[in-house]
>>> print(open('structure_14.pdb').read())   # PDB, C-alpha atoms, pLDDT in the B column
ATOM      1  CA  MET A 254       0.000   0.000   0.000  1.00 76.00           C
ATOM      2  CA  GLU A 255       1.400   3.384  -1.050  1.00 74.00           C
ATOM      3  CA  PRO A 256       1.776   6.143   1.531  1.00 75.00           C
ATOM      4  CA  PRO A 257      -0.629   9.062   1.114  1.00 77.00           C
ATOM      5  CA  PRO A 258       0.721  11.883  -1.079  1.00 83.00           C
ATOM      6  CA  THR A 259       2.384  14.817   0.651  1.00 93.00           C
ATOM      7  CA  LEU A 260       0.283  17.968   0.500  1.00 96.00           C
ATOM      8  CA  HIS A 261       1.933  21.359   0.094  1.00 97.00           C
ATOM      9  CA  PRO A 262       0.057  24.562   1.046  1.00 98.00           C
ATOM     10  CA  VAL A 263      -0.562  27.097  -1.743  1.00 98.00           C
ATOM     11  CA  LYS A 264      -1.153  30.764  -0.933  1.00 98.00           C
ATOM     12  CA  LEU A 265      -1.845  33.854  -3.030  1.00 98.00           C
ATOM     13  CA  TYR A 266      -0.120  37.025  -1.861  1.00 98.00           C
ATOM     14  CA  VAL A 267      -2.047  40.152  -2.859  1.00 98.00           C
ATOM     15  CA  TYR A 268      -0.336  43.552  -2.924  1.00 97.00           C
ATOM     16  CA  ASP A 269      -1.957  46.931  -3.631  1.00 96.00           C
ATOM     17  CA  LEU A 270       0.555  48.710  -5.866  1.00 92.00           C
ATOM     18  CA  SER A 271      -1.301  51.992  -5.278  1.00 93.00           C
ATOM     19  CA  LYS A 272      -0.828  51.743  -1.488  1.00 93.00           C
ATOM     20  CA  GLY A 273      -4.436  52.824  -0.941  1.00 94.00           C
ATOM     21  CA  MET A 274      -4.508  55.612  -3.547  1.00 94.00           C
ATOM     22  CA  ALA A 275      -6.801  53.658  -5.896  1.00 92.00           C
ATOM     23  CA  ARG A 276      -9.458  53.453  -3.195  1.00 92.00           C
ATOM     24  CA  ARG A 277      -9.324  57.220  -2.641  1.00 93.00           C
ATOM     25  CA  LEU A 278      -8.890  58.489  -6.204  1.00 91.00           C
ATOM     26  CA  SER A 279     -10.724  55.974  -8.425  1.00 90.00           C
ATOM     27  CA  PRO A 280     -14.208  57.462  -7.846  1.00 91.00           C
ATOM     28  CA  LEU A 281     -12.928  60.861  -9.063  1.00 89.00           C
ATOM     29  CA  MET A 282     -10.786  59.579 -11.921  1.00 87.00           C
ATOM     30  CA  LEU A 283     -12.762  56.563 -13.160  1.00 89.00           C
ATOM     31  CA  GLY A 284     -16.239  57.232 -11.851  1.00 90.00           C
ATOM     32  CA  LYS A 285     -16.204  53.881 -10.042  1.00 90.00           C
ATOM     33  CA  GLN A 286     -14.692  52.504  -6.871  1.00 92.00           C
ATOM     34  CA  LEU A 287     -11.559  50.363  -7.114  1.00 92.00           C
ATOM     35  CA  ASP A 288     -10.158  48.939  -3.920  1.00 94.00           C
ATOM     36  CA  GLY A 289      -6.602  48.584  -5.239  1.00 95.00           C
ATOM     37  CA  ILE A 290      -4.250  48.047  -8.154  1.00 93.00           C
ATOM     38  CA  TRP A 291      -3.415  44.394  -7.559  1.00 95.00           C
ATOM     39  CA  HIS A 292      -0.114  42.584  -7.928  1.00 95.00           C
ATOM     40  CA  THR A 293      -0.211  38.908  -6.988  1.00 97.00           C
ATOM     41  CA  SER A 294       2.202  36.063  -6.481  1.00 98.00           C
ATOM     42  CA  ILE A 295       1.992  32.371  -5.613  1.00 98.00           C
ATOM     43  CA  ILE A 296       3.579  30.974  -2.459  1.00 98.00           C
ATOM     44  CA  VAL A 297       4.405  27.282  -2.633  1.00 98.00           C
ATOM     45  CA  HIS A 298       7.360  25.102  -1.605  1.00 97.00           C
ATOM     46  CA  LYS A 299       8.570  27.875   0.739  1.00 96.00           C
ATOM     47  CA  ASP A 300       9.098  30.450  -2.046  1.00 97.00           C
ATOM     48  CA  GLU A 301       7.183  33.322  -3.658  1.00 97.00           C
ATOM     49  CA  PHE A 302       6.800  33.170  -7.461  1.00 97.00           C
ATOM     50  CA  PHE A 303       5.618  36.078  -9.613  1.00 96.00           C
ATOM     51  CA  TYR A 304       5.684  37.404 -13.167  1.00 96.00           C
ATOM     52  CA  GLY A 305       6.651  40.795 -14.514  1.00 91.00           C
ATOM     53  CA  SER A 306       8.391  42.402 -17.454  1.00 89.00           C
ATOM     54  CA  GLY A 307      11.583  40.527 -16.493  1.00 91.00           C
ATOM     55  CA  GLY A 308       9.857  37.133 -16.741  1.00 94.00           C
ATOM     56  CA  ILE A 309       9.156  34.714 -13.892  1.00 96.00           C
ATOM     57  CA  SER A 310      10.931  35.555 -10.632  1.00 94.00           C
ATOM     58  CA  SER A 311      11.134  34.058  -7.171  1.00 95.00           C
ATOM     59  CA  CYS A 312      12.168  35.136  -3.699  1.00 94.00           C
ATOM     60  CA  ALA A 313      11.566  34.292  -0.073  1.00 95.00           C
ATOM     61  CA  PRO A 314       7.919  35.021   0.836  1.00 96.00           C
ATOM     62  CA  GLY A 315       7.509  38.785   1.247  1.00 94.00           C
ATOM     63  CA  GLY A 316      11.055  39.280  -0.062  1.00 93.00           C
ATOM     64  CA  THR A 317      10.395  41.895  -2.750  1.00 89.00           C
ATOM     65  CA  LEU A 318      10.579  45.609  -2.026  1.00 87.00           C
ATOM     66  CA  LEU A 319       6.774  45.537  -1.878  1.00 91.00           C
ATOM     67  CA  GLY A 320       7.239  44.117   1.612  1.00 92.00           C
ATOM     68  CA  PRO A 321       4.535  42.065   3.279  1.00 95.00           C
ATOM     69  CA  PRO A 322       1.352  41.439   1.270  1.00 97.00           C
ATOM     70  CA  ASP A 323      -1.808  43.424   1.914  1.00 97.00           C
ATOM     71  CA  SER A 324      -3.735  40.159   2.093  1.00 98.00           C
ATOM     72  CA  VAL A 325      -3.178  36.425   1.811  1.00 98.00           C
ATOM     73  CA  VAL A 326      -5.651  34.069   0.130  1.00 98.00           C
ATOM     74  CA  ASP A 327      -5.462  30.377   0.994  1.00 98.00           C
ATOM     75  CA  LEU A 328      -5.811  28.523  -2.310  1.00 98.00           C
ATOM     76  CA  GLY A 329      -5.684  25.071  -0.741  1.00 98.00           C
ATOM     77  CA  SER A 330      -3.017  22.410  -1.143  1.00 98.00           C
ATOM     78  CA  THR A 331      -1.241  20.595  -3.934  1.00 98.00           C
ATOM     79  CA  GLU A 332       0.310  17.193  -4.410  1.00 97.00           C
ATOM     80  CA  VAL A 333       2.652  18.643  -7.052  1.00 97.00           C
ATOM     81  CA  THR A 334       6.237  18.110  -5.919  1.00 97.00           C
ATOM     82  CA  GLU A 335       8.787  20.913  -5.964  1.00 97.00           C
ATOM     83  CA  GLU A 336      10.704  19.204  -8.769  1.00 96.00           C
ATOM     84  CA  ILE A 337       7.631  18.926 -11.008  1.00 97.00           C
ATOM     85  CA  PHE A 338       6.594  22.493 -10.147  1.00 98.00           C
ATOM     86  CA  LEU A 339      10.004  23.907 -11.081  1.00 97.00           C
ATOM     87  CA  GLU A 340       9.919  22.019 -14.392  1.00 97.00           C
ATOM     88  CA  TYR A 341       6.450  23.449 -15.033  1.00 98.00           C
ATOM     89  CA  LEU A 342       7.679  26.988 -14.248  1.00 97.00           C
ATOM     90  CA  SER A 343      10.641  26.495 -16.540  1.00 95.00           C
ATOM     91  CA  SER A 344       8.362  25.537 -19.422  1.00 96.00           C
ATOM     92  CA  LEU A 345       6.085  28.539 -18.708  1.00 97.00           C
ATOM     93  CA  GLY A 346       9.115  30.848 -18.657  1.00 94.00           C
ATOM     94  CA  GLU A 347      10.162  29.596 -22.076  1.00 94.00           C
ATOM     95  CA  SER A 348       6.691  29.842 -23.605  1.00 94.00           C
ATOM     96  CA  MET A 349       3.695  31.788 -22.258  1.00 95.00           C
ATOM     97  CA  PHE A 350       5.444  33.866 -19.602  1.00 97.00           C
ATOM     98  CA  ARG A 351       8.596  35.248 -21.186  1.00 94.00           C
ATOM     99  CA  GLY A 352       9.410  38.814 -20.104  1.00 91.00           C
ATOM    100  CA  GLU A 353       8.661  40.249 -23.534  1.00 91.00           C
ATOM    101  CA  SER A 354       5.137  38.752 -23.383  1.00 93.00           C
ATOM    102  CA  TYR A 355       4.208  40.980 -20.427  1.00 91.00           C
ATOM    103  CA  ASN A 356       1.259  43.332 -20.950  1.00 88.00           C
ATOM    104  CA  LEU A 357      -0.197  45.370 -18.096  1.00 86.00           C
ATOM    105  CA  PHE A 358      -3.827  44.677 -19.071  1.00 87.00           C
ATOM    106  CA  GLU A 359      -3.831  41.328 -20.832  1.00 90.00           C
ATOM    107  CA  HIS A 360      -0.855  39.217 -19.705  1.00 94.00           C
ATOM    108  CA  ASN A 361       0.433  40.212 -16.279  1.00 95.00           C
ATOM    109  CA  CYS A 362       1.276  38.962 -12.793  1.00 96.00           C
ATOM    110  CA  ASN A 363      -2.368  38.122 -12.136  1.00 97.00           C
ATOM    111  CA  THR A 364      -2.637  36.106 -15.364  1.00 97.00           C
ATOM    112  CA  PHE A 365       0.421  34.164 -14.173  1.00 98.00           C
ATOM    113  CA  SER A 366      -0.924  33.643 -10.645  1.00 98.00           C
ATOM    114  CA  ASN A 367      -4.249  32.437 -12.042  1.00 98.00           C
ATOM    115  CA  GLU A 368      -2.544  29.963 -14.410  1.00 98.00           C
ATOM    116  CA  VAL A 369      -0.248  28.591 -11.686  1.00 98.00           C
ATOM    117  CA  ALA A 370      -3.058  28.387  -9.105  1.00 98.00           C
ATOM    118  CA  GLN A 371      -5.131  26.280 -11.494  1.00 98.00           C
ATOM    119  CA  PHE A 372      -2.156  24.001 -12.221  1.00 98.00           C
ATOM    120  CA  LEU A 373      -1.445  23.477  -8.522  1.00 98.00           C
ATOM    121  CA  THR A 374      -4.935  23.375  -7.004  1.00 98.00           C
ATOM    122  CA  GLY A 375      -7.525  23.433  -9.799  1.00 98.00           C
ATOM    123  CA  ARG A 376      -8.801  26.744  -8.362  1.00 97.00           C
ATOM    124  CA  LYS A 377      -8.740  30.213  -9.928  1.00 98.00           C
ATOM    125  CA  ILE A 378      -7.649  33.327  -8.071  1.00 98.00           C
ATOM    126  CA  PRO A 379     -10.452  35.719  -6.981  1.00 98.00           C
ATOM    127  CA  SER A 380     -12.270  37.461  -9.847  1.00 97.00           C
ATOM    128  CA  TYR A 381     -11.994  40.917  -8.224  1.00 96.00           C
ATOM    129  CA  ILE A 382      -8.295  40.638  -9.141  1.00 97.00           C
ATOM    130  CA  THR A 383      -8.567  39.191 -12.651  1.00 97.00           C
ATOM    131  CA  ASP A 384     -11.466  41.512 -13.591  1.00 95.00           C
ATOM    132  CA  LEU A 385      -9.578  44.719 -12.671  1.00 93.00           C
ATOM    133  CA  PRO A 386      -8.136  45.477 -16.153  1.00 90.00           C
ATOM    134  CA  SER A 387     -11.533  45.248 -17.848  1.00 91.00           C
ATOM    135  CA  GLU A 388     -13.060  47.416 -15.088  1.00 91.00           C
ATOM    136  CA  VAL A 389     -10.479  50.142 -15.717  1.00 89.00           C
ATOM    137  CA  LEU A 390     -10.755  49.895 -19.504  1.00 88.00           C
ATOM    138  CA  SER A 391     -14.559  50.088 -19.348  1.00 90.00           C
ATOM    139  CA  THR A 392     -14.281  53.731 -18.253  1.00 90.00           C
ATOM    140  CA  PRO A 393     -13.644  56.728 -20.548  1.00 90.00           C
ATOM    141  CA  PHE A 394     -10.583  57.680 -18.471  1.00 85.00           C
ATOM    142  CA  GLY A 395      -9.214  54.128 -18.732  1.00 84.00           C
ATOM    143  CA  GLN A 396      -9.662  54.192 -22.518  1.00 86.00           C
ATOM    144  CA  ALA A 397      -7.948  57.578 -22.747  1.00 86.00           C
ATOM    145  CA  LEU A 398      -5.014  56.346 -20.673  1.00 80.00           C
ATOM    146  CA  ARG A 399      -4.678  52.972 -22.409  1.00 80.00           C
ATOM    147  CA  PRO A 400      -1.862  53.978 -24.824  1.00 79.00           C
ATOM    148  CA  LEU A 401       0.207  55.235 -21.884  1.00 78.00           C
ATOM    149  CA  LEU A 402      -0.680  52.316 -19.626  1.00 72.00           C
ATOM    150  CA  ASP A 403       0.118  49.771 -22.362  1.00 72.00           C
ATOM    151  CA  SER A 404       3.723  50.986 -22.331  1.00 72.00           C
ATOM    152  CA  ILE A 405       4.190  50.380 -18.602  1.00 70.00           C
ATOM    153  CA  GLN A 406       6.347  47.417 -17.629  1.00 66.00           C
ATOM    154  CA  ILE A 407       6.164  46.236 -14.017  1.00 69.00           C
ATOM    155  CA  GLN A 408       8.859  44.138 -12.377  1.00 66.00           C
ATOM    156  CA  PRO A 409       8.763  44.251  -8.561  1.00 65.00           C
ATOM    157  CA  PRO A 410      12.341  44.658  -7.354  1.00 61.00           C
ATOM    158  CA  GLY A 411      13.839  42.186  -4.938  1.00 64.00           C
ATOM    159  CA  GLY A 412      13.273  38.827  -6.608  1.00 64.00           C
ATOM    160  CA  ASN A 413      15.576  36.624  -8.627  1.00 67.00           C
ATOM    161  CA  THR A 414      14.686  35.875 -12.227  1.00 69.00           C
ATOM    162  CA  PHE A 415      13.704  32.223 -12.432  1.00 66.00           C
ATOM    163  CA  ARG A 416      15.962  30.202 -14.718  1.00 60.00           C
ATOM    164  CA  ARG A 417      16.367  26.445 -14.823  1.00 53.00           C
ATOM    165  CA  HIS A 418      19.018  24.829 -16.995  1.00 41.00           C
ATOM    166  CA  ASN A 419      20.135  21.206 -16.837  1.00 38.00           C
ATOM    167  CA  GLY A 420      18.168  20.560 -13.678  1.00 41.00           C
ATOM    168  CA  GLN A 421      19.593  23.608 -11.895  1.00 41.00           C
ATOM    169  CA  SER A 422      17.631  26.637 -10.741  1.00 39.00           C
TER     170      SER A 422
END
>>> encode(input="structure_14.pdb", output="structure tokens")
Amino acid sequence: MEPPPTLHPVKLYVYDLSKGMARRLSPLMLGKQLDGIWHTSIIVHKDEFFYGSGGISSCAPGGTLLGPPDSVVDLGSTEVTEEIFLEYLSSLGESMFRGESYNLFEHNCNTFSNEVAQFLTGRKIPSYITDLPSEVLSTPFGQALRPLLDSIQIQPPGGNTFRRHNGQS
């Protein structure tokens, strides 16, 4: 009889990049209330993994210059081993989540977190996070700012770019 599989906790760290400014200014600027400008990352196997204009990065949990997260969402547990997870991340970094694929509205840290969460747990991240770009773009101000916002590249400082070659990370 095989031993039961080891379960590894999976968390979503949620950071408000606006540091509360979105909550205060969005009604004036967008005509609707936004609670934050969300950056997310996945915590699994004792590390924090996130995506930005530099590609996939990792650090110790809370180890970017963003500091501690504004909230933590428990996504459940996974049976995926660290070795399999790192191979998966490596393949994502060479395909869907290369740095040059980053787009603030359509292919960002939250897209990455959602993809990885589903791989690990079968669960999506909360829709208030993934729906934010369409909420902003549904406003006249968001449409007017889109050309400027499309040029923005976000890479939270403090992580190490994830690379895996010949079984090494």
>>> closest_residue(input="structure_14.pdb", among="A:Thr259, A:Ser391, A:Gln286, A:Ser310", to="A:Leu339", atoms="only C-alpha atoms")
A:Ser310
>>> resolve_selection(input="structure_14.pdb", expression="the PyMOL selection byres ((chain A and resi 289) around 12)", output="ChimeraX atom specification")
/A:267-280,285-288,290-293,323-324,381-382,384-386,388-389
>>> write_last_selection(input="structure_14.pdb", atoms="C-alpha atoms", output="PDB file, in the coordinates of the input")
ATOM      1  CA  VAL A 267      -2.047  40.152  -2.859  1.00 98.00           C
ATOM      2  CA  TYR A 268      -0.336  43.552  -2.924  1.00 97.00           C
ATOM      3  CA  ASP A 269      -1.957  46.931  -3.631  1.00 96.00           C
ATOM      4  CA  LEU A 270       0.555  48.710  -5.866  1.00 92.00           C
ATOM      5  CA  SER A 271      -1.301  51.992  -5.278  1.00 93.00           C
ATOM      6  CA  LYS A 272      -0.828  51.743  -1.488  1.00 93.00           C
ATOM      7  CA  GLY A 273      -4.436  52.824  -0.941  1.00 94.00           C
ATOM      8  CA  MET A 274      -4.508  55.612  -3.547  1.00 94.00           C
ATOM      9  CA  ALA A 275      -6.801  53.658  -5.896  1.00 92.00           C
ATOM     10  CA  ARG A 276      -9.458  53.453  -3.195  1.00 92.00           C
ATOM     11  CA  ARG A 277      -9.324  57.220  -2.641  1.00 93.00           C
ATOM     12  CA  LEU A 278      -8.890  58.489  -6.204  1.00 91.00           C
ATOM     13  CA  SER A 279     -10.724  55.974  -8.425  1.00 90.00           C
ATOM     14  CA  PRO A 280     -14.208  57.462  -7.846  1.00 91.00           C
ATOM     15  CA  LYS A 285     -16.204  53.881 -10.042  1.00 90.00           C
ATOM     16  CA  GLN A 286     -14.692  52.504  -6.871  1.00 92.00           C
ATOM     17  CA  LEU A 287     -11.559  50.363  -7.114  1.00 92.00           C
ATOM     18  CA  ASP A 288     -10.158  48.939  -3.920  1.00 94.00           C
ATOM     19  CA  ILE A 290      -4.250  48.047  -8.154  1.00 93.00           C
ATOM     20  CA  TRP A 291      -3.415  44.394  -7.559  1.00 95.00           C
ATOM     21  CA  HIS A 292      -0.114  42.584  -7.928  1.00 95.00           C
ATOM     22  CA  THR A 293      -0.211  38.908  -6.988  1.00 97.00           C
ATOM     23  CA  ASP A 323      -1.808  43.424   1.914  1.00 97.00           C
ATOM     24  CA  SER A 324      -3.735  40.159   2.093  1.00 98.00           C
ATOM     25  CA  TYR A 381     -11.994  40.917  -8.224  1.00 96.00           C
ATOM     26  CA  ILE A 382      -8.295  40.638  -9.141  1.00 97.00           C
ATOM     27  CA  ASP A 384     -11.466  41.512 -13.591  1.00 95.00           C
ATOM     28  CA  LEU A 385      -9.578  44.719 -12.671  1.00 93.00           C
ATOM     29  CA  PRO A 386      -8.136  45.477 -16.153  1.00 90.00           C
ATOM     30  CA  GLU A 388     -13.060  47.416 -15.088  1.00 91.00           C
ATOM     31  CA  VAL A 389     -10.479  50.142 -15.717  1.00 89.00           C
TER      32      VAL A 389
END
>>> resolve_selection(input="structure_14.pdb", expression="the PyMOL selection byres ((chain A and resi 379) around 10)", output="number ranges by chain")
A: 265, 326, 328, 363, 367, 376-378, 380-384
>>> write_last_selection(input="structure_14.pdb", atoms="C-alpha atoms", output="mmCIF file, in the coordinates of the input")
data_model
loop_
_atom_site.group_PDB
_atom_site.id
_atom_site.type_symbol
_atom_site.label_atom_id
_atom_site.label_comp_id
_atom_site.auth_asym_id
_atom_site.auth_seq_id
_atom_site.Cartn_x
_atom_site.Cartn_y
_atom_site.Cartn_z
ATOM 1 C CA LEU A 265 -1.845 33.854 -3.030
ATOM 2 C CA VAL A 326 -5.651 34.069 0.130
ATOM 3 C CA LEU A 328 -5.811 28.523 -2.310
ATOM 4 C CA ASN A 363 -2.368 38.122 -12.136
ATOM 5 C CA ASN A 367 -4.249 32.437 -12.042
ATOM 6 C CA ARG A 376 -8.801 26.744 -8.362
ATOM 7 C CA LYS A 377 -8.740 30.213 -9.928
ATOM 8 C CA ILE A 378 -7.649 33.327 -8.071
ATOM 9 C CA SER A 380 -12.270 37.461 -9.847
ATOM 10 C CA TYR A 381 -11.994 40.917 -8.224
ATOM 11 C CA ILE A 382 -8.295 40.638 -9.141
ATOM 12 C CA THR A 383 -8.567 39.191 -12.651
ATOM 13 C CA ASP A 384 -11.466 41.512 -13.591
#
>>> atom_distance(input="structure_14.pdb", atom1="atom CA of A:Phe372", atom2="atom CA of A:Ser330")
11.2 Å
>>> resolve_selection(input="structure_14.pdb", expression="the PyMOL selection byres ((chain A and resi 258) around 10)", output="VMD selection string")
chain A and resid 255 to 257 259 to 261 331 to 334
>>> closest_residue(input="structure_14.pdb", among="A:Thr317, A:Ser311, A:Ser348, A:Asn356", to="A:Pro400", atoms="all atoms listed in the file")
A:Asn356
>>> closest_residue(input="structure_14.pdb", among="A:Leu373, A:Ile337, A:Ile296, A:Leu283", to="A:Gly316", atoms="all atoms listed in the file")
A:Ile296
>>> closest_residue(input="structure_14.pdb", among="A:Phe358, A:Cys312, A:Met254, A:Ser343", to="A:Leu398", atoms="only C-alpha atoms")
A:Phe358
>>> atom_distance(input="structure_14.pdb", atom1="atom CA of A:Ser306", atom2="atom CA of A:Arg399")
17.5 Å
>>> closest_residue(input="structure_14.pdb", among="A:Val369, A:Val325, A:Phe394, A:Leu402", to="A:Phe302", atoms="only C-alpha atoms")
A:Val369
>>> closest_residue(input="structure_14.pdb", among="A:Phe338, A:Ile309, A:Leu281, A:Leu357", to="A:Leu401", atoms="all atoms listed in the file")
A:Leu357
>>> atom_distance(input="structure_14.pdb", atom1="atom CA of A:Thr364", atom2="atom CA of A:Ser404")
17.6 Å
>>> build_atoms(input="structure_14.pdb", residues="stretch 316-332 of chain A", atoms="N, CA, C and O atoms", output="PDB file, in the frame of the given file")
ATOM      1  N   GLY A 316       9.687  38.820   0.141  1.00 93.00           N
ATOM      2  CA  GLY A 316      11.055  39.280  -0.062  1.00 93.00           C
ATOM      3  C   GLY A 316      11.265  40.333  -1.130  1.00 93.00           C
ATOM      4  O   GLY A 316      12.400  40.738  -1.367  1.00 93.00           O
ATOM      5  N   THR A 317      10.213  40.800  -1.793  1.00 89.00           N
ATOM      6  CA  THR A 317      10.395  41.895  -2.750  1.00 89.00           C
ATOM      7  C   THR A 317      10.354  43.218  -1.988  1.00 89.00           C
ATOM      8  O   THR A 317      10.018  43.259  -0.797  1.00 89.00           O
ATOM      9  N   LEU A 318      10.650  44.301  -2.663  1.00 87.00           N
ATOM     10  CA  LEU A 318      10.579  45.609  -2.026  1.00 87.00           C
ATOM     11  C   LEU A 318       9.148  46.036  -1.736  1.00 87.00           C
ATOM     12  O   LEU A 318       8.925  47.041  -1.067  1.00 87.00           O
ATOM     13  N   LEU A 319       8.166  45.255  -2.222  1.00 91.00           N
ATOM     14  CA  LEU A 319       6.774  45.537  -1.878  1.00 91.00           C
ATOM     15  C   LEU A 319       6.498  45.224  -0.413  1.00 91.00           C
ATOM     16  O   LEU A 319       5.494  45.657   0.137  1.00 91.00           O
ATOM     17  N   GLY A 320       7.396  44.460   0.205  1.00 92.00           N
ATOM     18  CA  GLY A 320       7.239  44.117   1.612  1.00 92.00           C
ATOM     19  C   GLY A 320       6.183  43.061   1.831  1.00 92.00           C
ATOM     20  O   GLY A 320       5.897  42.262   0.941  1.00 92.00           O
ATOM     21  N   PRO A 321       5.563  43.075   3.004  1.00 95.00           N
ATOM     22  CA  PRO A 321       4.535  42.065   3.279  1.00 95.00           C
ATOM     23  C   PRO A 321       3.290  42.318   2.423  1.00 95.00           C
ATOM     24  O   PRO A 321       2.993  43.462   2.072  1.00 95.00           O
ATOM     25  N   PRO A 322       2.557  41.260   2.094  1.00 97.00           N
ATOM     26  CA  PRO A 322       1.352  41.439   1.270  1.00 97.00           C
ATOM     27  C   PRO A 322       0.255  42.164   2.051  1.00 97.00           C
ATOM     28  O   PRO A 322       0.234  42.153   3.280  1.00 97.00           O
ATOM     29  N   ASP A 323      -0.649  42.782   1.292  1.00 97.00           N
ATOM     30  CA  ASP A 323      -1.808  43.424   1.914  1.00 97.00           C
ATOM     31  C   ASP A 323      -2.831  42.391   2.364  1.00 97.00           C
ATOM     32  O   ASP A 323      -3.569  42.622   3.321  1.00 97.00           O
ATOM     33  N   SER A 324      -2.879  41.265   1.657  1.00 98.00           N
ATOM     34  CA  SER A 324      -3.735  40.159   2.093  1.00 98.00           C
ATOM     35  C   SER A 324      -3.176  38.851   1.569  1.00 98.00           C
ATOM     36  O   SER A 324      -2.371  38.825   0.634  1.00 98.00           O
ATOM     37  N   VAL A 325      -3.600  37.773   2.194  1.00 98.00           N
ATOM     38  CA  VAL A 325      -3.178  36.425   1.811  1.00 98.00           C
ATOM     39  C   VAL A 325      -4.436  35.595   1.604  1.00 98.00           C
ATOM     40  O   VAL A 325      -5.311  35.563   2.467  1.00 98.00           O
ATOM     41  N   VAL A 326      -4.518  34.936   0.446  1.00 98.00           N
ATOM     42  CA  VAL A 326      -5.651  34.069   0.130  1.00 98.00           C
ATOM     43  C   VAL A 326      -5.152  32.629   0.155  1.00 98.00           C
ATOM     44  O   VAL A 326      -4.181  32.296  -0.525  1.00 98.00           O
ATOM     45  N   ASP A 327      -5.799  31.801   0.946  1.00 98.00           N
ATOM     46  CA  ASP A 327      -5.462  30.377   0.994  1.00 98.00           C
ATOM     47  C   ASP A 327      -6.115  29.700  -0.203  1.00 98.00           C
ATOM     48  O   ASP A 327      -7.333  29.660  -0.313  1.00 98.00           O
ATOM     49  N   LEU A 328      -5.293  29.189  -1.115  1.00 98.00           N
ATOM     50  CA  LEU A 328      -5.811  28.523  -2.310  1.00 98.00           C
ATOM     51  C   LEU A 328      -5.964  27.018  -2.139  1.00 98.00           C
ATOM     52  O   LEU A 328      -6.404  26.339  -3.052  1.00 98.00           O
ATOM     53  N   GLY A 329      -5.574  26.511  -0.979  1.00 98.00           N
ATOM     54  CA  GLY A 329      -5.684  25.071  -0.741  1.00 98.00           C
ATOM     55  C   GLY A 329      -4.313  24.425  -0.706  1.00 98.00           C
ATOM     56  O   GLY A 329      -3.328  25.042  -0.308  1.00 98.00           O
ATOM     57  N   SER A 330      -4.258  23.180  -1.154  1.00 98.00           N
ATOM     58  CA  SER A 330      -3.017  22.410  -1.143  1.00 98.00           C
ATOM     59  C   SER A 330      -2.822  21.722  -2.480  1.00 98.00           C
ATOM     60  O   SER A 330      -3.764  21.575  -3.258  1.00 98.00           O
ATOM     61  N   THR A 331      -1.567  21.307  -2.699  1.00 98.00           N
ATOM     62  CA  THR A 331      -1.241  20.595  -3.934  1.00 98.00           C
ATOM     63  C   THR A 331      -0.409  19.366  -3.623  1.00 98.00           C
ATOM     64  O   THR A 331       0.331  19.342  -2.639  1.00 98.00           O
ATOM     65  N   GLU A 332      -0.549  18.371  -4.479  1.00 97.00           N
ATOM     66  CA  GLU A 332       0.310  17.193  -4.410  1.00 97.00           C
ATOM     67  C   GLU A 332       1.518  17.349  -5.326  1.00 97.00           C
ATOM     68  O   GLU A 332       2.406  16.507  -5.333  1.00 97.00           O
TER      69      GLU A 332
END
